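K.L.:
Contents of input-v9.cif (mmCIF, C-alpha atoms) are given next:
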data_model
#
loop_
_atom_site.group_PDB
_atom_site.id
_atom_site.type_symbol
_atom_site.label_atom_id
_atom_site.label_comp_id
_atom_site.auth_asym_id
_atom_site.auth_seq_id
_atom_site.Cartn_x
_atom_site.Cartn_y
_atom_site.Cartn_z
ATOM 1 C CA MET A 15 -27.422 -2.220 -31.190
ATOM 2 C CA ALA A 16 -28.254 -4.755 -28.498
ATOM 3 C CA LEU A 17 -25.623 -7.122 -27.161
ATOM 4 C CA ASN A 18 -26.211 -10.657 -25.969
ATOM 5 C CA LYS A 19 -23.483 -13.115 -25.023
ATOM 6 C CA ALA A 20 -23.820 -16.831 -24.474
ATOM 7 C CA ALA A 21 -23.347 -17.872 -20.870
ATOM 8 C CA THR A 22 -20.101 -19.647 -19.935
ATOM 9 C CA GLU A 23 -18.830 -21.108 -16.652
ATOM 10 C CA GLN A 24 -15.748 -19.622 -14.948
ATOM 11 C CA ILE A 25 -13.216 -21.627 -12.937
ATOM 12 C CA LEU A 26 -10.981 -19.707 -10.519
ATOM 13 C CA HIS A 27 -7.959 -21.074 -8.656
ATOM 14 C CA LEU A 28 -7.134 -19.066 -5.525
ATOM 15 C CA GLU A 29 -5.234 -19.438 -2.268
ATOM 16 C CA LEU A 30 -7.098 -18.910 0.999
ATOM 17 C CA PRO A 31 -4.625 -17.403 3.497
ATOM 18 C CA ALA A 32 -4.293 -18.958 6.944
ATOM 19 C CA GLY A 33 -6.532 -17.465 9.608
ATOM 20 C CA VAL A 34 -8.840 -15.564 7.225
ATOM 21 C CA ARG A 35 -12.586 -16.188 7.224
ATOM 22 C CA LEU A 36 -13.768 -17.716 3.966
ATOM 23 C CA ASP A 37 -16.597 -15.206 3.495
ATOM 24 C CA LYS A 38 -14.303 -12.209 4.011
ATOM 25 C CA PHE A 39 -11.747 -13.654 1.603
ATOM 26 C CA LEU A 40 -14.425 -14.204 -1.050
ATOM 27 C CA ALA A 41 -15.763 -10.671 -0.562
ATOM 28 C CA ALA A 42 -12.279 -9.215 -1.090
ATOM 29 C CA GLU A 43 -11.531 -11.371 -4.136
ATOM 30 C CA LEU A 44 -14.895 -11.559 -5.860
ATOM 31 C CA GLY A 45 -16.997 -8.781 -4.367
ATOM 32 C CA GLU A 46 -17.656 -5.228 -5.519
ATOM 33 C CA GLY A 47 -14.787 -3.828 -7.584
ATOM 34 C CA ASN A 48 -13.581 -7.279 -8.754
ATOM 35 C CA GLN A 49 -16.033 -9.887 -10.075
ATOM 36 C CA GLY A 50 -18.843 -7.748 -8.668
ATOM 37 C CA LEU A 51 -20.674 -10.535 -6.799
ATOM 38 C CA SER A 52 -23.055 -9.577 -4.004
ATOM 39 C CA ARG A 53 -22.840 -11.058 -0.511
ATOM 40 C CA SER A 54 -25.869 -13.245 -1.176
ATOM 41 C CA GLN A 55 -24.263 -14.562 -4.382
ATOM 42 C CA LEU A 56 -21.055 -15.346 -2.505
ATOM 43 C CA GLN A 57 -23.041 -17.131 0.213
ATOM 44 C CA ARG A 58 -24.719 -19.268 -2.449
ATOM 45 C CA LEU A 59 -21.307 -20.352 -3.756
ATOM 46 C CA ILE A 60 -20.594 -21.752 -0.291
ATOM 47 C CA GLU A 61 -24.029 -23.278 0.291
ATOM 48 C CA GLN A 62 -24.147 -24.925 -3.152
ATOM 49 C CA GLY A 63 -20.695 -26.472 -2.830
ATOM 50 C CA GLN A 64 -19.161 -24.457 -5.653
ATOM 51 C CA ILE A 65 -15.855 -24.310 -3.742
ATOM 52 C CA THR A 66 -13.499 -27.279 -3.627
ATOM 53 C CA GLY A 67 -10.338 -27.717 -1.580
ATOM 54 C CA ILE A 68 -12.278 -27.445 1.687
ATOM 55 C CA SER A 69 -14.042 -30.463 3.149
ATOM 56 C CA GLU A 70 -17.845 -30.535 3.004
ATOM 57 C CA LYS A 71 -17.926 -30.483 6.801
ATOM 58 C CA ASN A 72 -15.864 -27.274 6.973
ATOM 59 C CA LEU A 73 -17.362 -25.497 3.974
ATOM 60 C CA LYS A 74 -19.109 -22.596 5.683
ATOM 61 C CA SER A 75 -18.759 -18.817 5.831
ATOM 62 C CA SER A 76 -16.833 -18.775 9.115
ATOM 63 C CA PHE A 77 -14.235 -21.345 8.041
ATOM 64 C CA LYS A 78 -10.603 -20.380 8.707
ATOM 65 C CA ALA A 79 -7.752 -22.469 7.329
ATOM 66 C CA LYS A 80 -4.905 -23.365 9.687
ATOM 67 C CA ARG A 81 -2.496 -22.987 6.797
ATOM 68 C CA ALA A 82 -2.681 -21.432 3.328
ATOM 69 C CA THR A 83 -5.070 -23.589 1.310
ATOM 70 C CA ALA A 84 -5.526 -23.862 -2.450
ATOM 71 C CA ILE A 85 -9.198 -23.662 -3.406
ATOM 72 C CA THR A 86 -11.078 -23.866 -6.691
ATOM 73 C CA ILE A 87 -14.228 -21.823 -7.243
ATOM 74 C CA THR A 88 -16.767 -22.527 -9.962
ATOM 75 C CA LEU A 89 -18.680 -19.390 -10.837
ATOM 76 C CA PRO A 90 -22.096 -19.851 -12.419
ATOM 77 C CA PRO A 91 -22.526 -18.757 -16.034
ATOM 78 C CA GLU A 92 -23.088 -15.059 -16.470
ATOM 79 C CA LYS A 93 -26.715 -14.358 -17.100
ATOM 80 C CA PRO A 94 -27.100 -13.240 -20.708
ATOM 81 C CA ALA A 95 -28.135 -9.610 -20.686
ATOM 82 C CA GLU A 96 -29.536 -7.419 -23.411
ATOM 83 C CA ILE A 97 -28.131 -3.926 -23.158
ATOM 84 C CA LEU A 98 -30.368 -1.434 -24.877
ATOM 85 C CA PRO A 99 -29.045 1.915 -26.130
ATOM 86 C CA PHE A 100 -29.356 4.945 -23.876
ATOM 87 C CA ALA A 101 -29.810 8.289 -25.612
ATOM 88 C CA ALA A 102 -26.726 10.167 -24.439
ATOM 89 C CA SER A 103 -24.036 11.745 -26.569
ATOM 90 C CA ILE A 104 -20.597 10.633 -25.357
ATOM 91 C CA PRO A 105 -17.679 12.527 -26.926
ATOM 92 C CA VAL A 106 -15.518 10.120 -28.949
ATOM 93 C CA LEU A 107 -12.035 11.594 -29.412
ATOM 94 C CA TYR A 108 -10.620 8.720 -31.460
ATOM 95 C CA GLU A 109 -11.902 5.518 -33.035
ATOM 96 C CA ASP A 110 -10.492 2.805 -35.293
ATOM 97 C CA GLU A 111 -11.333 -0.846 -35.910
ATOM 98 C CA TYR A 112 -9.756 -1.904 -32.599
ATOM 99 C CA LEU A 113 -10.434 0.734 -29.971
ATOM 100 C CA ALA A 114 -11.901 4.107 -29.122
ATOM 101 C CA ILE A 115 -11.041 6.937 -26.721
ATOM 102 C CA VAL A 116 -14.108 8.462 -25.065
ATOM 103 C CA HIS A 117 -14.805 11.250 -22.573
ATOM 104 C CA LYS A 118 -16.987 9.970 -19.718
ATOM 105 C CA PRO A 119 -19.034 12.676 -17.990
ATOM 106 C CA ALA A 120 -19.167 13.062 -14.219
ATOM 107 C CA GLY A 121 -22.162 11.409 -12.574
ATOM 108 C CA MET A 122 -22.335 8.457 -14.987
ATOM 109 C CA THR A 123 -21.634 4.872 -13.887
ATOM 110 C CA VAL A 124 -19.369 2.983 -16.287
ATOM 111 C CA HIS A 125 -21.245 -0.328 -16.610
ATOM 112 C CA PRO A 126 -24.429 -2.050 -15.414
ATOM 113 C CA GLY A 127 -24.512 -3.600 -11.961
ATOM 114 C CA ALA A 128 -26.896 -4.588 -9.203
ATOM 115 C CA ALA A 129 -27.712 -0.997 -8.221
ATOM 116 C CA THR A 130 -27.545 0.745 -11.593
ATOM 117 C CA GLY A 131 -30.170 1.764 -14.078
ATOM 118 C CA ASN A 132 -30.124 1.735 -17.867
ATOM 119 C CA ASP A 133 -28.200 4.992 -18.143
ATOM 120 C CA THR A 134 -24.595 3.811 -17.794
ATOM 121 C CA LEU A 135 -21.696 4.624 -20.102
ATOM 122 C CA VAL A 136 -22.035 1.145 -21.612
ATOM 123 C CA HIS A 137 -25.694 1.775 -22.472
ATOM 124 C CA ALA A 138 -24.710 5.035 -24.145
ATOM 125 C CA LEU A 139 -21.829 3.482 -26.101
ATOM 126 C CA VAL A 140 -24.007 0.642 -27.353
ATOM 127 C CA GLY A 141 -26.044 3.299 -29.139
ATOM 128 C CA GLN A 142 -22.988 5.122 -30.515
ATOM 129 C CA ILE A 143 -20.255 2.618 -31.375
ATOM 130 C CA LYS A 144 -21.242 -0.119 -33.797
ATOM 131 C CA LYS A 145 -18.927 -2.781 -32.420
ATOM 132 C CA LEU A 146 -17.769 -3.394 -28.833
ATOM 133 C CA ALA A 147 -15.772 -6.282 -27.353
ATOM 134 C CA PRO A 148 -18.539 -8.669 -26.195
ATOM 135 C CA HIS A 149 -19.382 -9.174 -22.530
ATOM 136 C CA ALA A 150 -22.653 -9.897 -20.751
ATOM 137 C CA GLU A 151 -22.626 -6.661 -18.730
ATOM 138 C CA ARG A 152 -19.437 -4.769 -19.617
ATOM 139 C CA PRO A 153 -18.995 -4.778 -23.409
ATOM 140 C CA GLY A 154 -15.932 -2.815 -24.434
ATOM 141 C CA ILE A 155 -14.794 -2.026 -20.899
ATOM 142 C CA VAL A 156 -11.091 -2.464 -20.116
ATOM 143 C CA HIS A 157 -10.762 -0.144 -17.104
ATOM 144 C CA ARG A 158 -13.093 2.046 -15.057
ATOM 145 C CA LEU A 159 -13.579 5.479 -13.608
ATOM 146 C CA ASP A 160 -15.667 6.157 -10.509
ATOM 147 C CA ARG A 161 -19.192 7.417 -11.103
ATOM 148 C CA GLU A 162 -18.361 11.001 -10.072
ATOM 149 C CA THR A 163 -15.017 11.103 -11.893
ATOM 150 C CA GLU A 164 -15.011 12.704 -15.313
ATOM 151 C CA GLY A 165 -12.441 11.930 -17.965
ATOM 152 C CA LEU A 166 -10.841 9.811 -20.656
ATOM 153 C CA MET A 167 -11.286 6.074 -21.075
ATOM 154 C CA VAL A 168 -10.094 3.597 -23.688
ATOM 155 C CA ILE A 169 -12.774 1.248 -25.042
ATOM 156 C CA ALA A 170 -12.066 -2.109 -26.743
ATOM 157 C CA LYS A 171 -13.991 -3.008 -29.895
ATOM 158 C CA THR A 172 -12.851 -6.650 -30.186
ATOM 159 C CA ASP A 173 -11.860 -9.460 -27.817
ATOM 160 C CA LYS A 174 -8.344 -9.318 -29.248
ATOM 161 C CA ALA A 175 -8.140 -5.599 -28.498
ATOM 162 C CA ARG A 176 -9.491 -6.051 -24.969
ATOM 163 C CA ALA A 177 -6.861 -8.708 -24.186
ATOM 164 C CA ALA A 178 -4.066 -6.547 -25.619
ATOM 165 C CA LEU A 179 -5.191 -3.423 -23.762
ATOM 166 C CA ALA A 180 -5.607 -5.363 -20.508
ATOM 167 C CA GLY A 181 -2.004 -6.495 -20.950
ATOM 168 C CA LEU A 182 -0.835 -2.894 -21.369
ATOM 169 C CA PHE A 183 -2.646 -1.875 -18.178
ATOM 170 C CA ALA A 184 -1.206 -4.857 -16.277
ATOM 171 C CA ASP A 185 2.308 -3.973 -17.459
ATOM 172 C CA ARG A 186 1.778 -0.293 -16.535
ATOM 173 C CA GLN A 187 2.236 0.789 -20.134
ATOM 174 C CA VAL A 188 -0.829 3.056 -20.102
ATOM 175 C CA HIS A 189 0.125 6.497 -18.776
ATOM 176 C CA LYS A 190 -2.718 8.447 -17.163
ATOM 177 C CA THR A 191 -2.715 11.882 -15.591
ATOM 178 C CA TYR A 192 -5.437 13.311 -13.376
ATOM 179 C CA GLN A 193 -6.224 16.789 -12.094
ATOM 180 C CA ALA A 194 -7.699 17.276 -8.632
ATOM 181 C CA ILE A 195 -8.336 20.051 -6.137
ATOM 182 C CA VAL A 196 -8.114 19.109 -2.466
ATOM 183 C CA TRP A 197 -8.938 20.895 0.753
ATOM 184 C CA GLY A 198 -6.182 22.870 2.445
ATOM 185 C CA SER A 199 -3.085 24.741 1.292
ATOM 186 C CA VAL A 200 -0.845 21.704 1.648
ATOM 187 C CA GLU A 201 2.527 20.439 0.457
ATOM 188 C CA LEU A 202 2.329 16.727 -0.292
ATOM 189 C CA PRO A 203 5.241 14.317 -0.887
ATOM 190 C CA GLU A 204 6.134 14.035 -4.566
ATOM 191 C CA LYS A 205 5.870 10.246 -4.737
ATOM 192 C CA ILE A 206 3.409 8.117 -2.796
ATOM 193 C CA ASP A 207 4.266 4.425 -2.524
ATOM 194 C CA GLY A 208 2.152 2.206 -0.293
ATOM 195 C CA PHE A 209 -0.743 -0.221 -0.174
ATOM 196 C CA ILE A 210 -4.494 -0.069 -0.659
ATOM 197 C CA TRP A 211 -7.184 -2.410 0.612
ATOM 198 C CA ARG A 212 -10.923 -2.524 1.199
ATOM 199 C CA ASP A 213 -12.159 -0.994 4.453
ATOM 200 C CA ARG A 214 -13.539 -3.768 6.665
ATOM 201 C CA ARG A 215 -16.035 -1.421 8.342
ATOM 202 C CA ASN A 216 -17.335 0.230 5.170
ATOM 203 C CA ARG A 217 -17.242 -1.945 2.052
ATOM 204 C CA LYS A 218 -17.808 1.101 -0.163
ATOM 205 C CA LYS A 219 -14.458 2.565 0.883
ATOM 206 C CA MET A 220 -10.810 1.724 0.360
ATOM 207 C CA LYS A 221 -7.974 2.451 2.779
ATOM 208 C CA PHE A 222 -4.433 3.560 1.950
ATOM 209 C CA GLY A 223 -1.341 3.070 4.087
ATOM 210 C CA TYR A 224 2.414 3.244 3.641
ATOM 211 C CA GLU A 225 2.762 -0.139 5.344
ATOM 212 C CA ALA A 226 0.958 -3.370 4.493
ATOM 213 C CA PRO A 227 -2.063 -3.982 6.765
ATOM 214 C CA GLU A 228 -2.423 -6.765 9.276
ATOM 215 C CA LYS A 229 -2.124 -10.351 8.119
ATOM 216 C CA GLY A 230 -5.249 -11.676 6.467
ATOM 217 C CA ILE A 231 -6.203 -8.448 4.688
ATOM 218 C CA ARG A 232 -5.622 -8.532 0.956
ATOM 219 C CA ALA A 233 -3.736 -5.374 -0.003
ATOM 220 C CA ARG A 234 -2.378 -4.220 -3.341
ATOM 221 C CA GLU A 235 0.596 -2.052 -4.136
ATOM 222 C CA ALA A 236 -0.465 1.552 -4.809
ATOM 223 C CA GLN A 237 1.773 4.182 -6.369
ATOM 224 C CA LEU A 238 1.242 7.674 -7.702
ATOM 225 C CA VAL A 239 3.258 10.831 -8.298
ATOM 226 C CA PHE A 240 2.187 14.419 -7.692
ATOM 227 C CA LEU A 241 3.653 16.130 -10.755
ATOM 228 C CA ARG A 242 2.595 19.654 -9.848
ATOM 229 C CA GLN A 243 1.057 21.327 -6.798
ATOM 230 C CA THR A 244 -0.536 24.769 -6.917
ATOM 231 C CA ARG A 245 -1.581 26.139 -3.564
ATOM 232 C CA TYR A 246 -4.482 28.515 -2.900
ATOM 233 C CA LYS A 247 -5.789 30.010 0.338
ATOM 234 C CA PHE A 248 -8.170 27.146 1.122
ATOM 235 C CA GLY A 249 -7.098 24.409 -1.282
ATOM 236 C CA THR A 250 -4.377 22.871 -3.456
ATOM 237 C CA GLU A 251 -4.599 21.860 -7.106
ATOM 238 C CA LEU A 252 -2.759 18.666 -8.022
ATOM 239 C CA GLU A 253 -1.580 17.135 -11.274
ATOM 240 C CA ILE A 254 -1.253 13.411 -10.669
ATOM 241 C CA ASN A 255 0.451 10.597 -12.536
ATOM 242 C CA LEU A 256 -1.401 7.442 -11.546
ATOM 243 C CA ILE A 257 1.091 4.572 -11.746
ATOM 244 C CA THR A 258 -1.140 1.810 -10.391
ATOM 245 C CA GLY A 259 -4.844 2.022 -11.157
ATOM 246 C CA ARG A 260 -6.510 0.769 -7.978
ATOM 247 C CA THR A 261 -10.127 1.312 -7.000
ATOM 248 C CA HIS A 262 -10.515 4.784 -5.394
ATOM 249 C CA GLN A 263 -6.712 5.070 -5.235
ATOM 250 C CA ILE A 264 -6.396 8.843 -5.629
ATOM 251 C CA ARG A 265 -9.402 9.547 -3.422
ATOM 252 C CA ALA A 266 -8.314 7.227 -0.583
ATOM 253 C CA THR A 267 -4.696 8.413 -0.758
ATOM 254 C CA CYS A 268 -5.595 12.109 -0.575
ATOM 255 C CA ALA A 269 -7.939 11.435 2.338
ATOM 256 C CA GLN A 270 -5.191 9.566 4.210
ATOM 257 C CA LEU A 271 -2.861 12.533 3.605
ATOM 258 C CA ASN A 272 -5.459 14.785 5.289
ATOM 259 C CA ALA A 273 -6.185 16.488 1.978
ATOM 260 C CA PRO A 274 -9.501 15.031 0.747
ATOM 261 C CA ILE A 275 -10.719 15.920 -2.708
ATOM 262 C CA ILE A 276 -13.282 18.712 -2.677
ATOM 263 C CA GLY A 277 -16.737 17.341 -3.413
ATOM 264 C CA ASP A 278 -15.873 13.742 -2.494
ATOM 265 C CA ALA A 279 -18.975 12.505 -0.677
ATOM 266 C CA ILE A 280 -17.339 9.232 0.447
ATOM 267 C CA TYR A 281 -13.871 10.284 1.607
ATOM 268 C CA GLY A 282 -14.322 13.977 2.242
ATOM 269 C CA ASP A 283 -16.082 16.264 4.697
ATOM 270 C CA ASP A 284 -16.892 19.431 2.774
ATOM 271 C CA ALA A 285 -19.046 20.928 5.511
ATOM 272 C CA GLY A 286 -16.414 20.296 8.179
ATOM 273 C CA ARG A 287 -13.558 21.608 6.063
ATOM 274 C CA ALA A 288 -15.506 24.704 5.044
ATOM 275 C CA LYS A 289 -16.077 25.418 8.732
ATOM 276 C CA THR A 290 -12.391 24.857 9.554
ATOM 277 C CA TYR A 291 -11.267 27.274 6.853
ATOM 278 C CA LYS A 292 -14.078 29.726 7.639
ATOM 279 C CA VAL A 293 -15.560 29.504 4.162
ATOM 280 C CA GLY A 294 -18.898 31.333 4.090
ATOM 281 C CA ARG A 295 -22.176 29.576 3.308
ATOM 282 C CA GLU A 296 -22.591 31.176 -0.120
ATOM 283 C CA LYS A 297 -19.058 30.276 -1.203
ATOM 284 C CA ARG A 298 -19.489 26.787 0.262
ATOM 285 C CA ASP A 299 -22.690 26.280 -1.758
ATOM 286 C CA ASP A 300 -20.914 27.461 -4.908
ATOM 287 C CA LEU A 301 -18.083 25.008 -4.248
ATOM 288 C CA SER A 302 -20.603 22.216 -3.742
ATOM 289 C CA ALA A 303 -22.065 22.978 -7.164
ATOM 290 C CA CYS A 304 -18.654 22.234 -8.697
ATOM 291 C CA GLY A 305 -19.031 18.533 -7.885
ATOM 292 C CA MET A 306 -16.115 16.220 -7.126
ATOM 293 C CA LEU A 307 -12.990 17.953 -8.404
ATOM 294 C CA LEU A 308 -11.210 14.982 -9.971
ATOM 295 C CA VAL A 309 -10.726 14.532 -13.725
ATOM 296 C CA ALA A 310 -8.835 11.910 -15.748
ATOM 297 C CA LYS A 311 -7.399 14.491 -18.120
ATOM 298 C CA SER A 312 -4.958 12.563 -20.327
ATOM 299 C CA ILE A 313 -4.126 9.057 -21.526
ATOM 300 C CA GLU A 314 -1.153 7.786 -23.522
ATOM 301 C CA PHE A 315 -0.084 4.345 -24.747
ATOM 302 C CA ALA A 316 1.376 2.533 -27.740
ATOM 303 C CA HIS A 317 -1.384 1.236 -30.019
ATOM 304 C CA PRO A 318 -1.264 -2.578 -29.702
ATOM 305 C CA PHE A 319 -1.921 -3.177 -33.418
ATOM 306 C CA LYS A 320 -0.807 -0.031 -35.216
ATOM 307 C CA ARG A 321 2.691 1.411 -35.193
ATOM 308 C CA LYS A 322 1.727 4.682 -33.546
ATOM 309 C CA LYS A 323 1.276 6.310 -30.179
ATOM 310 C CA ILE A 324 -2.192 7.099 -28.856
ATOM 311 C CA LYS A 325 -2.127 10.313 -26.840
ATOM 312 C CA PHE A 326 -5.132 12.436 -25.922
ATOM 313 C CA ALA A 327 -5.892 15.136 -23.389
ATOM 314 C CA ILE A 328 -8.976 17.172 -22.566
ATOM 315 C CA GLU A 329 -9.438 20.706 -21.334
ATOM 316 C CA LEU A 330 -10.356 20.910 -17.676
ATOM 317 C CA PRO A 331 -14.068 21.597 -17.167
ATOM 318 C CA ALA A 332 -15.179 25.148 -16.294
ATOM 319 C CA ARG A 333 -16.006 24.049 -12.744
ATOM 320 C CA PHE A 334 -12.253 23.876 -12.010
ATOM 321 C CA ALA A 335 -11.832 27.571 -12.872
ATOM 322 C CA GLU A 336 -14.866 28.362 -10.711
ATOM 323 C CA ALA A 337 -13.392 26.391 -7.793
ATOM 324 C CA ARG A 338 -10.037 28.154 -8.106
ATOM 325 C CA SER A 339 -11.700 31.558 -7.853
ATOM 326 C CA LEU A 340 -13.583 30.454 -4.747
ATOM 327 C CA LEU A 341 -10.494 29.036 -3.016
ATOM 328 C CA LYS A 342 -8.215 32.053 -3.501
#
So that I can check it, write out the structure of this file as structure tokens.

P.N.:
Amino acid sequence: MALNKAATEQILHLELPAGVRLDKFLAAELGEGNQGLSRSQLQRLIEQGQITGISEKNLKSSFKAKRATAITITLPPEKPAEILPFAASIPVLYEDEYLAIVHKPAGMTVHPGAATGNDTLVHALVGQIKKLAPHAERPGIVHRLDRETEGLMVIAKTDKARAALAGLFADRQVHKTYQAIVWGSVELPEKIDGFIWRDRRNRKKMKFGYEAPEKGIRAREAQLVFLRQTRYKFGTELEINLITGRTHQIRATCAQLNAPIIGDAIYGDDAGRAKTYKVGREKRDDLSACGMLLVAKSIEFAHPFKRKKIKFAIELPARFAEARSLLK
């Protein structure tokens, strides 16, 4: 099945905070992880006058408003894209006329983007599920998992289902648990309640803090609960209830708590930690082969159209058992 959606224009109404550069505000609101626009695409919005609420004279990347300013952004129509099936077998745990629950493997990007190939989860699902909620690049997608994170996802098969599921996520009615193994035999606080925002120095990273960052940085509330902690000699296994589903939330939070997830190439330092804990080269190489030790292991929510509860869980992959044996 190939999907093709007619292009439509998007109108966004936003508020530019006082003292924040226009380009940085646009990057935070519309860049990677949100609308997914590149820096060059955002620059074109400014150059082509697609932003109103700012005078033509002041409409430039470096513009800073003296006071909070309402702006309107006209996004160009999404380029119609044909998504061809990719020959990969994705486990489907549940499927009805509205939605499906699938098990995304580690190492697979969820949907097409500027730097992806034709081997994303979406490409695979197009070849497996006959009907997906239409979208130019992200048919069926309601939420995401990082490329290296394995686990359960809910997929929408109709526009009505996507809207209903998005509402459940927004209202925090979708309960998700994760399993992770982090470096160090640590005891972490049971509940973590703070803020998360994009790192200004490295746009691929997020930062977590208990206090809101300096004025002008767009931060979102970030909450999670460590349900269970099992400590080993060199590491700690965590069962996590993710309350808010922010980009890289678990990874950035664990890193800030000085307990990065083992195998996390962005937030961790496996070589440095292995040296600190005097883990030998052979054991370190075996740990590296386990990949990033983070799995979305269960999902639970009330079906938006059927009077029943959707609840699924997966067995942890064998690499978790291997990691445990290496960390003891």

K.L.:
Sort by chain and increasing residue number a table of all residues of stretch 74-94 of chain A within 6 Å of stretch 28-46 of chain A, each with its closest pair of atoms and their distance in Å to one decimal, counting only C-alpha atoms, and write it as a Markdown table.

P.N.:
| residue | atom | partner | partner_atom | distance |
| --- | --- | --- | --- | --- |
| A:Ser75 | CA | A:Asp37 | CA | 4.8 |
| A:Ser76 | CA | A:Arg35 | CA | 5.3 |
| A:Phe77 | CA | A:Arg35 | CA | 5.5 |
| A:Lys78 | CA | A:Arg35 | CA | 4.9 |
| A:Ala79 | CA | A:Ala32 | CA | 4.9 |
| A:Lys80 | CA | A:Ala32 | CA | 5.2 |
| A:Arg81 | CA | A:Ala32 | CA | 4.4 |
| A:Ala82 | CA | A:Pro31 | CA | 4.5 |
| A:Thr83 | CA | A:Leu30 | CA | 5.1 |
| A:Ala84 | CA | A:Glu29 | CA | 4.4 |
| A:Ile85 | CA | A:Leu28 | CA | 5.5 |

K.L.:
Please write as a list in words the full residue list that the PyMOL selection byres ((chain A and resi 136) around 8) yields on this file.

P.N.:
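For this structure, the PyMOL selection byres ((chain A and resi 136) around 8) resolves to Val124, His125, Pro126, Thr134, Leu135, His137, Ala138, Leu139, Val140, Arg152, Pro153, Gly154 and Ile155 of chain A.
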
K.L.:
Step by step, work through what the PyMOL selection byres ((chain A and resi 184) around 12) selects in the shown file, and finish by giving those residues as a ChimeraX atom specification.

P.N.:
/A:156-157,177-183,185-189,257-260

K.L.:
Could you state which residues are captured by the PyMOL selection byres ((chain A and resi 118) around 12) in this file, as a short mmCIF file (atom, residue, chain, number, x, y, z; two decimals) with C-alpha atoms, keeping the file's coordinate frame?

P.N.:
data_model
loop_
_atom_site.label_atom_id
_atom_site.label_comp_id
_atom_site.auth_asym_id
_atom_site.auth_seq_id
_atom_site.Cartn_x
_atom_site.Cartn_y
_atom_site.Cartn_z
CA ALA A 102 -26.73 10.17 -24.44
CA SER A 103 -24.04 11.74 -26.57
CA ILE A 104 -20.60 10.63 -25.36
CA PRO A 105 -17.68 12.53 -26.93
CA VAL A 106 -15.52 10.12 -28.95
CA LEU A 107 -12.04 11.59 -29.41
CA ILE A 115 -11.04 6.94 -26.72
CA VAL A 116 -14.11 8.46 -25.06
CA HIS A 117 -14.80 11.25 -22.57
CA PRO A 119 -19.03 12.68 -17.99
CA ALA A 120 -19.17 13.06 -14.22
CA GLY A 121 -22.16 11.41 -12.57
CA MET A 122 -22.34 8.46 -14.99
CA THR A 123 -21.63 4.87 -13.89
CA VAL A 124 -19.37 2.98 -16.29
CA HIS A 125 -21.24 -0.33 -16.61
CA THR A 134 -24.60 3.81 -17.79
CA LEU A 135 -21.70 4.62 -20.10
CA VAL A 136 -22.04 1.14 -21.61
CA ALA A 138 -24.71 5.04 -24.14
CA LEU A 139 -21.83 3.48 -26.10
CA ARG A 158 -13.09 2.05 -15.06
CA LEU A 159 -13.58 5.48 -13.61
CA ASP A 160 -15.67 6.16 -10.51
CA ARG A 161 -19.19 7.42 -11.10
CA GLU A 162 -18.36 11.00 -10.07
CA THR A 163 -15.02 11.10 -11.89
CA GLU A 164 -15.01 12.70 -15.31
CA GLY A 165 -12.44 11.93 -17.96
CA LEU A 166 -10.84 9.81 -20.66
CA MET A 167 -11.29 6.07 -21.08
CA VAL A 168 -10.09 3.60 -23.69
CA ILE A 169 -12.77 1.25 -25.04
CA VAL A 309 -10.73 14.53 -13.72
CA ALA A 310 -8.84 11.91 -15.75
CA LYS A 311 -7.40 14.49 -18.12
CA ILE A 328 -8.98 17.17 -22.57
#

K.L.:
Show me as a PyMOL selection string the residues that reach within 8 Å of (-7.7, 12.5, -6.2), counting all atoms listed in the file and using the file's own coordinates.

P.N.:
chain A and resi 192-196+254+263-268+274-275+307-308

K.L.:
Using all atoms listed in the file, which of the listed residues (A:Thr290, A:Ser312, A:Thr244, A:Thr88) sits closest to A:Lys342?

P.N.:
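The shortest atom-to-atom distance to A:Lys342 comes from A:Thr244.
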
K.L.:
Just the number, please: distance in Å from atom CA of A:Cys304 to atom CA of A:Arg333, one decimal.

P.N.:
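For atom CA of A:Cys304 relative to atom CA of A:Arg333, the distance reads 5.2 Å.
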
K.L.:
Would you compute the box with edges along x, y and z of the file around stretch 263-281 of chain A, including every atom the file lists for it and 3 Å extra on each side, and give its centre and edge lengths in Å to one decimal, as AutoDock Vina command-line options?

P.N.:
--center_x -10.9 --center_y 11.9 --center_z -0.2 --size_x 22.1 --size_y 19.6 --size_z 16.9

K.L.:
Tell me which of A:Gln24, A:Ser302, A:Asn72, A:Gln57 sits closest to A:Asp284, counting only C-alpha atoms.

P.N.:
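Using only C-alpha atoms, the shortest distance to A:Asp284 belongs to A:Ser302.
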
K.L.:
So the first atom is atom CA of A:Gly230 and the second is atom CA of A:Gln62; what is the distance between them in Å, to one decimal place?

P.N.:
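Those two atoms sit 25.0 Å apart.
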
K.L.:
Can you tell me which residues surround A:Phe248 at a distance of at most 8 Å, considering all atoms listed in the file, apart from same-chain residues fewer than 6 positions away, and format the answer as a list in words?

P.N.:
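Here the qualifying residues turn out to be Trp197, Gly198, Ser199, Tyr291, Leu341 and Lys342 of chain A.
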
K.L.:
Can you work out which one of A:Lys190, A:Lys74, A:His149, A:Arg295 has the shortest atom-to-atom distance to A:Ala327, counting all atoms listed in the file?

P.N.:
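Using all atoms listed in the file, A:Ala327 sits closest to A:Lys190.
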
K.L.:
From the list A:Lys218, A:Arg338, A:Lys323, A:Arg245, which residue is nearest A:Tyr281 when using only C-alpha atoms?

P.N.:
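For A:Tyr281, the nearest of the candidates is A:Lys218.
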
K.L.:
Atom CA of A:Asp283 to atom CA of A:Gly305: how many Å, to one decimal?

P.N.:
13.1 Å
